[in-house]
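Asks: Before I ask anything, let me first share the structure, which is written out below as structure tokens.
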Amino acid sequence: MMLSIKNLHASVDGKPILRGIDLEVKAGEVHAIMGPNGSGKSTLANVLAGRENYEVTSGSVHYLGENLLELATEERACKGIFLAFQYPVEIPGVSNIYLLKAAVNARRKYQGLDELPAVEFLKLVKEKVKLVEMKEEFLHRSVNEGFSGGEKKRNEILQMAILEPRLAILDETDSGLDIDALKIVAKGVNTLRGPQRAMILVTHYQRMLDYIVPDHVHVLAHGRVVKSGDKSLALELEERGYGWIEQQAEEIAAAVTG
Amino acid sequence: MDSLLDGRAELRLAAAGVGWVKKLRDSAAASFAEHGLPSTRDEDWKYTNVKPIAKRQFRPAGSSDEGVNAAAVAGCAIEGLSCHRAVFVNGYFSPPLSDLSALPPGVVLDSLARTLAERPQDLSAALGRVMPAESHGFTSLNTAYLTDGAYLRVPEGVVVEHPIELLFINTAIDPAPVVQPRNLIVMEPSSSASVLERYVGVGNGSYLTNAVTELSVRANASIEHYKLQEESVQAYHVGGLFINLERDARVTSHNVAVGGAIARTDLRAVLAAEGAHCEMNGLYLGNGRQHLDNHTQIDHARPRCTSDEYYKGVLDDRARAVFHGRIVVQQDAQQTDAQQQNRNLLLSPDAEIDTKPQLEIYADDVKCSHGATVGQLDSDSLFYLRSRAIDERTARLLLTYAFANDVIGRCALKPVRERLEQTLTRKLFHARDLEELV
């Protein structure tokens with residue numbers, strides 16, 4: 001099992017958001033996590049990546065047999081976890097290529113490898129830039145500074161493609177994208193699918209799943225997985241909306257607390 | 001403070017023969033005797049307490065080389081910077097340590113003391129005239145002691161291709177010396193040069209540098225001036241840089257403060273004729289218990305002058321800094337464009353900055369803006385970098401570096417930029433350089 005989440009509870013600023021998540025992800029699988037606003041999708045993604053002000057109050061997360069919650073953010077990244085941000089951060093003064101080089105070499109250092117020679121690094125970057133159809137000039141601009149929404153999301157996929165994670169978590173990578181940008185992002189993601197790699201796609205909409213077909217779909221509501229199924233569940237949600245799911249979740253919550 | 005005036009009689013002998021110099025020194029000595037060193041009751045010194053300086057016993061620096069040799073000079077050099085170099089040990093010109101052999105013909109770079117003795121008339125038009133009439137006790141003290149320093153004159157129309165370095169090496173040999181270089185730079189009309197004024201400490205003891213530089217930039221001349229204050233961390237540094245710009249003259253100033261226990265720089269530019277432009281960049285990097293104070297004043301006296309001021313500070317530990325940026329636009333100075341920014345990054349909860357932008361505008365057709373910010377490293381940016389496998393220390397360094405990068409990037413000389421990048425990583429992150437970390 002690559003990722004095993006058991007009864008995970010987490011709070012943000014003292015407010016409980018995740019109220020008992022159970023999820024198992026095997027290598028090679030793509031899981032979609034859907035749900036209405038405020039259901040805890042993004043919180044789950046951030047907890048897995050190790051954001052500091054997200055406090056795990058109970059439950060466990062094991063990644064490749066290790067207690068993930070004990071690892072610092074950068075250690076998780078070194079061990080192959082990658083979060084594509086819902087809102088990628090702008091960092092004026094740090095160039096994209098510098099960030100990529102720092103990230104690649106930090107991981108190699110952790111793995112006991114020498115730095116990637118400059119020529120090989122550039123070759124790798126140029127190849128991946130083509131994959132996400134970015135202009136090379138973006139490499140020399142400050143990280144995400146002045147990028148459009150679509151450019152920021154493509155930049156996330158570029159970083160993912162270069163870092164080649166074991167477990168990629170995409171936090172609403174599709175939101176705010178026009179259809180052309182979505183196709184480019186999906187192409188990047190599909191290229192990275194493989195038997196050694198798992199992906200968690202956090203999304204509000206079914207639309208992305210037309211292009212990235214998941215093996216499993218889970219629906220979150222009120223901080224719990226209330227329904228799991230295959231890709232047909234996503235289509236059902238598209239058709240029926242989240243209302244009936246939320247109603248079910250409320251009934252479950254009432255039963256638990258009652 | 002009386003100790004600071006000891007030995008005045010001896011020093012006065014050096015220019016005994018020249019009436020105007022004697023008058024200049026005497027009136028400064030009288031002013032110092034009357035006002036003494038500034039105190040925190042003085043608005044311009046509210047945040048900078050110089051009692052630790054006033055309390056100490058200093059000896060007047062002598063003109064011996066104090067063991068500073070060519071190897072020590074080489075150790076201070078900025079890697080990759082090829083320059084004409086005048087070296088001063090404790091404020092006194094050292095011909096054997098200097099290298100002025102390749103100066104273009106006509107350019108004068110000499111000891112102020114020798115010029116005062118041999119050709120005082122060359123100095124009479126500018127020395128003591130660029131600085132403002134009213135000033136604080138340290139400036140008076142420097143003038144009262146006025147003895148040696150650098151005299152640089154770039155003749156009309158001459159463009160000096162390689163930078164000129166004025167390297168002030170100060171020793172911390174007990175008892176603590178007081179070093180008082182007095183520099184005069186005259187850029188004659190349509191001349192151009194890059195000048196580095198560097199203050200470097202050897203040894204870890206204490207001393208006081210009390211330097212004054214007067215810079216006269218004549219019509220259409222341009223200068224890129226670097227003041228790099230890299231004194232030892234136990235030293236005290238007080239420095240004045242007074243600039244007068246004539247018609248269409250241009251000054252780009254880079255004022256970098258890294259060293260010193262207490263360090264204060266007063267930088268004043270008078271845009272005295274139409275079309276003059278001054279760019280003032282500043283960077284201060286403090287840690288430990290350092291106190292770094294920069295007071296700048298830009299005086300728009302005539303119409304159609306422009307100024308662009310950009311100061312940034314990074315403070316760690318219990319370091320404290322002061323930025324006071326005063327811009328005065330006189331009634332006559334229509335169509336002035338004056339911009340000022342001061343941005344501060346505090347790496348520690350105990351670091352402190354007092355920033356005070358001050359605009360005084362007496363003209364009505366002007367474009368002026370100012371802004372001051374104080375902040376910490378952004379936690380979202382830190383998380384973003386760490387989620388990309390970059391460890392916390394490197395992420396902090398990278399963001400700090402990014403913060404300082406744009407002001408460092410304004411330095412035209414690449415070796416200076418590299419030096420400042422190294423200084424930042426060494427001083428604030430105890431790392432050899434960024435490349436070592438990433």
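In the structure tokens, chains take letters A, B, ... by order of appearance, with residues numbered from 1 within each chain and ligands from 1 in the order shown.
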Counting only C-alpha atoms, which residues in region 70-154 of chain B sit no more than 12 Å from region 222-234 of chain B? For each one, give the nearest pair of atoms and the distance in Å, sorted by chain then residue number, as JSON lines.
Replies:
{"residue": "B:Cys76", "atom": "CA", "partner": "B:Glu230", "partner_atom": "CA", "distance": 9.9}
{"residue": "B:Ala77", "atom": "CA", "partner": "B:Glu230", "partner_atom": "CA", "distance": 11.9}
{"residue": "B:Ile78", "atom": "CA", "partner": "B:Leu228", "partner_atom": "CA", "distance": 11.1}
{"residue": "B:Asn90", "atom": "CA", "partner": "B:Glu231", "partner_atom": "CA", "distance": 11.9}
{"residue": "B:Arg153", "atom": "CA", "partner": "B:Ile223", "partner_atom": "CA", "distance": 11.9}
{"residue": "B:Val154", "atom": "CA", "partner": "B:Ile223", "partner_atom": "CA", "distance": 10.3}
Asks: Could you please take those selected residues and save N, CA and C atoms as a tab-separated table (two decimals), in the first residue's frame?
Replies:
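Okay, this is what ended up in out.tsv:
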chain	number	residue	atom	x	y	z
B	76	CYS	N	41.57	41.82	1.45
B	76	CYS	CA	40.37	42.67	1.46
B	76	CYS	C	39.75	42.83	0.08
B	77	ALA	N	40.51	42.46	-0.95
B	77	ALA	CA	40.09	42.78	-2.32
B	77	ALA	C	38.77	42.09	-2.68
B	78	ILE	N	38.02	42.74	-3.51
B	78	ILE	CA	36.80	42.14	-4.05
B	78	ILE	C	37.19	41.29	-5.24
B	90	ASN	N	44.26	53.34	8.61
B	90	ASN	CA	43.76	54.23	9.66
B	90	ASN	C	43.61	55.68	9.19
B	153	ARG	N	40.29	63.88	-8.42
B	153	ARG	CA	39.72	64.83	-9.37
B	153	ARG	C	39.76	64.20	-10.77
B	154	VAL	N	38.57	64.06	-11.36
B	154	VAL	CA	38.51	63.54	-12.73
B	154	VAL	C	38.29	64.74	-13.65
Asks: Can you tell me, as a PyMOL selection string, which residues in region 203-238 of chain A count as strand (DSSP E) by DSSP?
Replies: chain A and resi 203+216-221+224-229
Asks: Just need the residues of chain B within 12 Å of chain A, counting only C-alpha atoms, so spit them out as JSON, numbers by chain.
Replies: {"B": [377, 378, 379, 380, 381, 382, 383, 384, 385, 386, 387, 388, 389, 390, 391, 392, 393, 394, 395, 396, 397, 398, 399, 400, 401, 402, 403, 404, 405, 406, 407, 408, 409, 434, 435, 436, 437, 438]}
Asks: To one decimal in Å, tell me the separation between CA of Ser194 (chain B) and CA of Ala272 (chain B).
Replies: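 Going from CA of Ser194 (chain B) over to CA of Ala272 (chain B) covers 21.4 Å.
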Asks: Which residues are near Ile173 (chain B)? Cut-off 8 Å, only C-alpha atoms, ignore same chain within fewer than 3 positions. Put them as a CSV table (one decimal) with C-alpha atoms, in the first residue's frame.
Replies:
chain,number,residue,atom,x,y,z
B,66,GLU,CA,50.3,49.2,11.9
B,176,ALA,CA,41.4,51.8,20.2
B,177,PRO,CA,42.3,54.4,17.5
B,203,GLY,CA,41.3,42.3,13.7
B,205,GLY,CA,38.9,44.9,18.4
B,206,SER,CA,37.3,48.2,18.6
Asks: Need to verify the contact set: Arg114 (chain B), 12 Å, only C-alpha atoms, exclusion of same-chain residues closer than 3 positions in sequence. Can you return it as number ranges by chain?
Replies: B: 14-15, 92-95, 109-111, 117-120, 122-123, 147-151
Asks: Applying 8 Å and only C-alpha atoms, which residues near region 226-238 of chain A remain after dropping the ones on its own chain fewer than 4 positions away? List them as a PyMOL selection string.
Replies: chain A and resi 34+205-206+209+213-221+242+245+248-249
Asks: Report as an mmCIF file with all heavy atoms, in the first residue's frame all protein, DNA and RNA residues lying within 12 Å of Lys123 (chain A), evaluated on only C-alpha atoms, omitting residues in the same chain fewer than 6 positions from it.
Replies:
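Generated output (out.cif):
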data_model
loop_
_atom_site.group_PDB
_atom_site.id
_atom_site.type_symbol
_atom_site.label_atom_id
_atom_site.label_comp_id
_atom_site.auth_asym_id
_atom_site.auth_seq_id
_atom_site.Cartn_x
_atom_site.Cartn_y
_atom_site.Cartn_z
ATOM 1 N N LEU A 116 22.813 17.082 -10.230
ATOM 2 C CA LEU A 116 22.649 16.795 -11.644
ATOM 3 C C LEU A 116 23.531 17.774 -12.427
ATOM 4 O O LEU A 116 23.441 18.981 -12.213
ATOM 5 C CB LEU A 116 21.178 16.993 -12.022
ATOM 6 C CG LEU A 116 20.686 16.344 -13.303
ATOM 7 C CD1 LEU A 116 20.854 14.833 -13.274
ATOM 8 C CD2 LEU A 116 19.217 16.696 -13.537
ATOM 9 N N PRO A 117 24.408 17.253 -13.330
ATOM 10 C CA PRO A 117 25.236 18.192 -14.103
ATOM 11 C C PRO A 117 24.350 19.180 -14.873
ATOM 12 O O PRO A 117 23.253 18.824 -15.332
ATOM 13 C CB PRO A 117 26.004 17.282 -15.064
ATOM 14 C CG PRO A 117 25.964 15.931 -14.430
ATOM 15 C CD PRO A 117 24.681 15.864 -13.664
ATOM 16 N N VAL A 129 9.360 21.311 -20.375
ATOM 17 C CA VAL A 129 8.727 22.574 -20.752
ATOM 18 C C VAL A 129 7.860 22.352 -21.997
ATOM 19 O O VAL A 129 6.755 22.879 -22.111
ATOM 20 C CB VAL A 129 9.797 23.662 -20.993
ATOM 21 C CG1 VAL A 129 9.240 24.788 -21.849
ATOM 22 C CG2 VAL A 129 10.291 24.221 -19.664
ATOM 23 N N LYS A 130 8.368 21.533 -22.913
ATOM 24 C CA LYS A 130 7.605 21.216 -24.130
ATOM 25 C C LYS A 130 6.324 20.475 -23.781
ATOM 26 O O LYS A 130 5.265 20.727 -24.350
ATOM 27 C CB LYS A 130 8.453 20.369 -25.082
ATOM 28 C CG LYS A 130 9.414 21.187 -25.896
ATOM 29 C CD LYS A 130 9.895 20.420 -27.129
ATOM 30 C CE LYS A 130 11.137 21.088 -27.706
ATOM 31 N NZ LYS A 130 12.386 20.440 -27.244
ATOM 32 N N GLU A 136 10.039 28.883 -23.100
ATOM 33 C CA GLU A 136 11.246 28.763 -22.262
ATOM 34 C C GLU A 136 11.525 30.018 -21.459
ATOM 35 O O GLU A 136 12.159 29.960 -20.415
ATOM 36 C CB GLU A 136 12.448 28.399 -23.128
ATOM 37 C CG GLU A 136 12.510 26.909 -23.401
ATOM 38 C CD GLU A 136 13.794 26.493 -24.095
ATOM 39 O OE1 GLU A 136 14.828 27.139 -23.876
ATOM 40 O OE2 GLU A 136 13.728 25.528 -24.885
ATOM 41 N N ILE A 162 9.157 17.418 -13.597
ATOM 42 C CA ILE A 162 10.605 17.393 -13.382
ATOM 43 C C ILE A 162 10.955 16.631 -12.103
ATOM 44 O O ILE A 162 11.938 15.898 -12.051
ATOM 45 C CB ILE A 162 11.154 18.834 -13.368
ATOM 46 C CG1 ILE A 162 11.129 19.375 -14.802
ATOM 47 C CG2 ILE A 162 12.568 18.884 -12.805
ATOM 48 C CD1 ILE A 162 11.374 20.845 -14.919
#
Asks: Quick one: residues within 12 Å of Thr173 (chain A), only C-alpha atoms counted, chain neighbours fewer than 2 positions away excluded, as a ChimeraX atom specification?
Replies: /A:32,42,45,83-88,149-157,168-171,175-178,181-186,188-189,200-205,207-209,212
